[in-house]
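Trainee: Have a look at this one.
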Amino acid sequence: MQRTISIRLDTIQDQEKALSHLQNAYMEACNKLSAEVVEHRCWNRVALHNLTYSKIRNSSPLGSQMVCNAIFTVCKAYKNRNILKDEAMPTIQFHKNRSVHFDKRTYSIKGNLLSLYTLEGRIRIPMRMGPFQEDYFSKGIPKEGELICKKGRWYFNLVLDLPEAPKTENTTYLGVDLGENNLAAISSGKIFGGGKIRHDRDKFLAKRRKLQSNGSQSAKQLLKKISGREARRMKQTNHQVSKAIVQEAIKNQAGVIVLEDLRNIRRRIKGGLRIRTRLHRWSFYQLQMMIQYKAENLGIQVKYVNPAYSSQLCSQCDQLGIRQGNAFKCLCGNQQHADLNASRTLCRFAQSLNCATCVVNRTQVAAMR
């Protein structure tokens, strides 16, 4: 498994200038490549390399390997967009706050020194690692890295290849139903309410709209000051919830955590402006990734299942029930919280994957990630 550690670099003024020049040239190359991607509708790494390498190499001060890294960065950015076949090609702009990709040919680590490629030649920068980074670094094998500048300080996000944790022998399933009203409902009976965080996000949205409509210089300064505050608060909440979910799996001796496969959900759901705004601010993918890597660290397996009809099917008799708000009722006598019922239905979906037969018109498909 792979993990990323962020290492602060102790740079001097000349090194900061060299890194800034490299970052500017890298972003210019990425923007040129982005235009080529839109023109030719091609974001395959090999195909884009054959199409644009010579052109970018001749027009950019970057070395040959850094041009290859720029092609990798652009292809990765477009691949993450999950562009549909008939969808118009978006133009991705790469700004200075974007990271610069390094591979094993463009960086090396010797002791506490990080050697990086720049336009002025190789430079060696001391690394400042805390106990957390040192612990991971001593266990893993360094892979690629990303150079990034935050508030005038330079960091190197290093990817490490760590040995796989031994998988638990428990085969019990723990279903997790994610939502906006309730952040997560666990099949063991625990619910994490989302009322407070949704209220805070609505306040952030109202404040941004008010400042943007004002348009004054002081309003712009305040917008810049509070930028990212909502994202940081949501990230902290997701860390707390994901940690609690994994601890709940350990408490219930669960060997498999079942999550919903929510890919492309923003394209599938239609609604008004308010619904779309709330949906696009819902960081379910970040929460799922946090649950996955925390679970894998402890040897707990994660399965993703198709959540279709999980909120309408009874978790006991597998028949359609009646959902009214947070209440779920079924003719078999099952009455419980609707989100808890959905999380337990997800467990039934995951268990049916191991069976040789299933109901034809209700086939559930899981994707291992």
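Here, A, B, ... name the chains of the structure tokens in the order displayed, residue numbers run from 1 inside each chain, and ligands are numbered from 1 in the same displayed order.
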Find the residues around A:Ser59 up to 10 Å (only C-alpha atoms counted), leave out those fewer than 5 positions away in its own chain, and share them as a PDB file with N, CA and C atoms, in the first residue's frame.

Mentor:
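Output below, filename out-v1.pdb:
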```pdb
ATOM      1  N   ALA A  29       4.223  24.843 -19.307  1.00  0.00           N
ATOM      2  CA  ALA A  29       4.207  23.630 -20.128  1.00  0.00           C
ATOM      3  C   ALA A  29       2.892  22.877 -19.949  1.00  0.00           C
ATOM      4  N   LYS A  32       0.138  24.586 -21.944  1.00  0.00           N
ATOM      5  CA  LYS A  32       0.261  24.287 -23.377  1.00  0.00           C
ATOM      6  C   LYS A  32      -0.253  22.876 -23.671  1.00  0.00           C
ATOM      7  N   SER A  54       7.835  16.606 -28.683  1.00  0.00           N
ATOM      8  CA  SER A  54       8.812  17.412 -29.428  1.00  0.00           C
ATOM      9  C   SER A  54       8.443  18.889 -29.395  1.00  0.00           C
TER      10      SER A  54
END
```

Trainee: Write out as an MDAnalysis selection string all residues of stretch 140-315 of chain A that backbone DSSP assigns to strand (DSSP E or B).

Mentor: chainID A and resid 141:150 153:161 172:178 182:186 191:193 254:260 301:305 313

Trainee: Have a look at A:Lys139, A:Arg201, A:Arg153, A:Lys96 and name the one nearest to A:Arg8; count only C-alpha atoms.

Mentor: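 Of A:Lys139, A:Arg201, A:Arg153, A:Lys96, the one nearest A:Arg8, counting only C-alpha atoms, is A:Arg153.
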
Trainee: Between A:Ile265, A:Cys68, A:Ile125, A:Ala244, which one has atoms that come closest to A:Phe156, using only C-alpha atoms?

Mentor: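 Nearest candidate to A:Phe156 out of A:Ile265, A:Cys68, A:Ile125, A:Ala244: A:Ile125.
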
Trainee: Calculate how many Å separate atom CA of A:Asp135 from atom CA of A:Lys303, rounding to one decimal.

Mentor: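 Separation of atom CA of A:Asp135 and atom CA of A:Lys303: 28.6 Å.
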
Trainee: Give me the residues within 10 Å of A:Leu262 as a short mmCIF file (atom, residue, chain, number, x, y, z; two decimals) with N, CA and C atoms, in the first residue's frame, counting only C-alpha atoms and dropping any in the same chain fewer than 5 places off.

Mentor:
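Output contents, as saved in selection.cif:
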```
data_model
loop_
_atom_site.label_atom_id
_atom_site.label_comp_id
_atom_site.auth_asym_id
_atom_site.auth_seq_id
_atom_site.Cartn_x
_atom_site.Cartn_y
_atom_site.Cartn_z
N LEU A 178 -23.59 6.80 3.77
CA LEU A 178 -23.19 8.20 3.84
C LEU A 178 -24.33 9.09 3.38
N ARG A 268 -25.49 12.30 -12.08
CA ARG A 268 -26.75 11.57 -12.15
C ARG A 268 -27.91 12.33 -11.51
N PHE A 284 -18.05 13.49 0.14
CA PHE A 284 -18.19 12.07 0.46
C PHE A 284 -16.96 11.28 0.00
N TYR A 285 -16.35 11.68 -1.13
CA TYR A 285 -15.20 10.92 -1.64
C TYR A 285 -14.02 11.03 -0.69
N GLN A 288 -14.68 8.71 2.19
CA GLN A 288 -14.48 7.31 1.81
C GLN A 288 -13.01 6.95 1.73
N TYR A 304 -16.88 -1.85 -2.08
CA TYR A 304 -17.81 -0.86 -2.59
C TYR A 304 -18.92 -1.58 -3.35
N VAL A 305 -20.17 -1.26 -3.03
CA VAL A 305 -21.31 -1.91 -3.67
C VAL A 305 -22.21 -0.87 -4.31
N ASN A 306 -22.97 -1.32 -5.29
CA ASN A 306 -23.96 -0.47 -5.95
C ASN A 306 -25.08 -0.16 -4.95
N PRO A 307 -25.30 1.13 -4.61
CA PRO A 307 -26.29 1.45 -3.56
C PRO A 307 -27.72 1.57 -4.06
#
```

Trainee: Give me the residues near stretch 335-351 of chain A as a PyMOL selection string, where near means some atom within 9 Å (using only C-alpha atoms) and where sequence neighbours in that chain fewer than 4 positions away do not count.

Mentor: chain A and resi 173-179+182+184-191+257-260+303-307+309-316+318+323-330+355+363-366

Trainee: Between A:Gln23, A:Asn214, A:Gln236, A:Gln319, single out the one closest to A:Ile197, counting only C-alpha atoms.

Mentor: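 Of A:Gln23, A:Asn214, A:Gln236, A:Gln319, the one nearest A:Ile197, counting only C-alpha atoms, is A:Gln236.
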
Trainee: Just want the 8 Å neighbourhood of A:Leu222, counted on only C-alpha atoms, with same-chain residues fewer than 4 positions away dropped. Output as JSON, numbers by chain.

Mentor: {"A": [211, 218, 226]}

Trainee: Hey, can you spit out that residue selection with C-alpha atoms as a PDB file, in the first residue's frame?

Mentor:
```pdb
ATOM      1  CA  LEU A 211     -18.513  39.504   0.297  1.00  0.00           C
ATOM      2  CA  SER A 218     -11.560  45.073   1.949  1.00  0.00           C
ATOM      3  CA  ILE A 226     -11.134  33.007   4.960  1.00  0.00           C
TER       4      ILE A 226
END
```
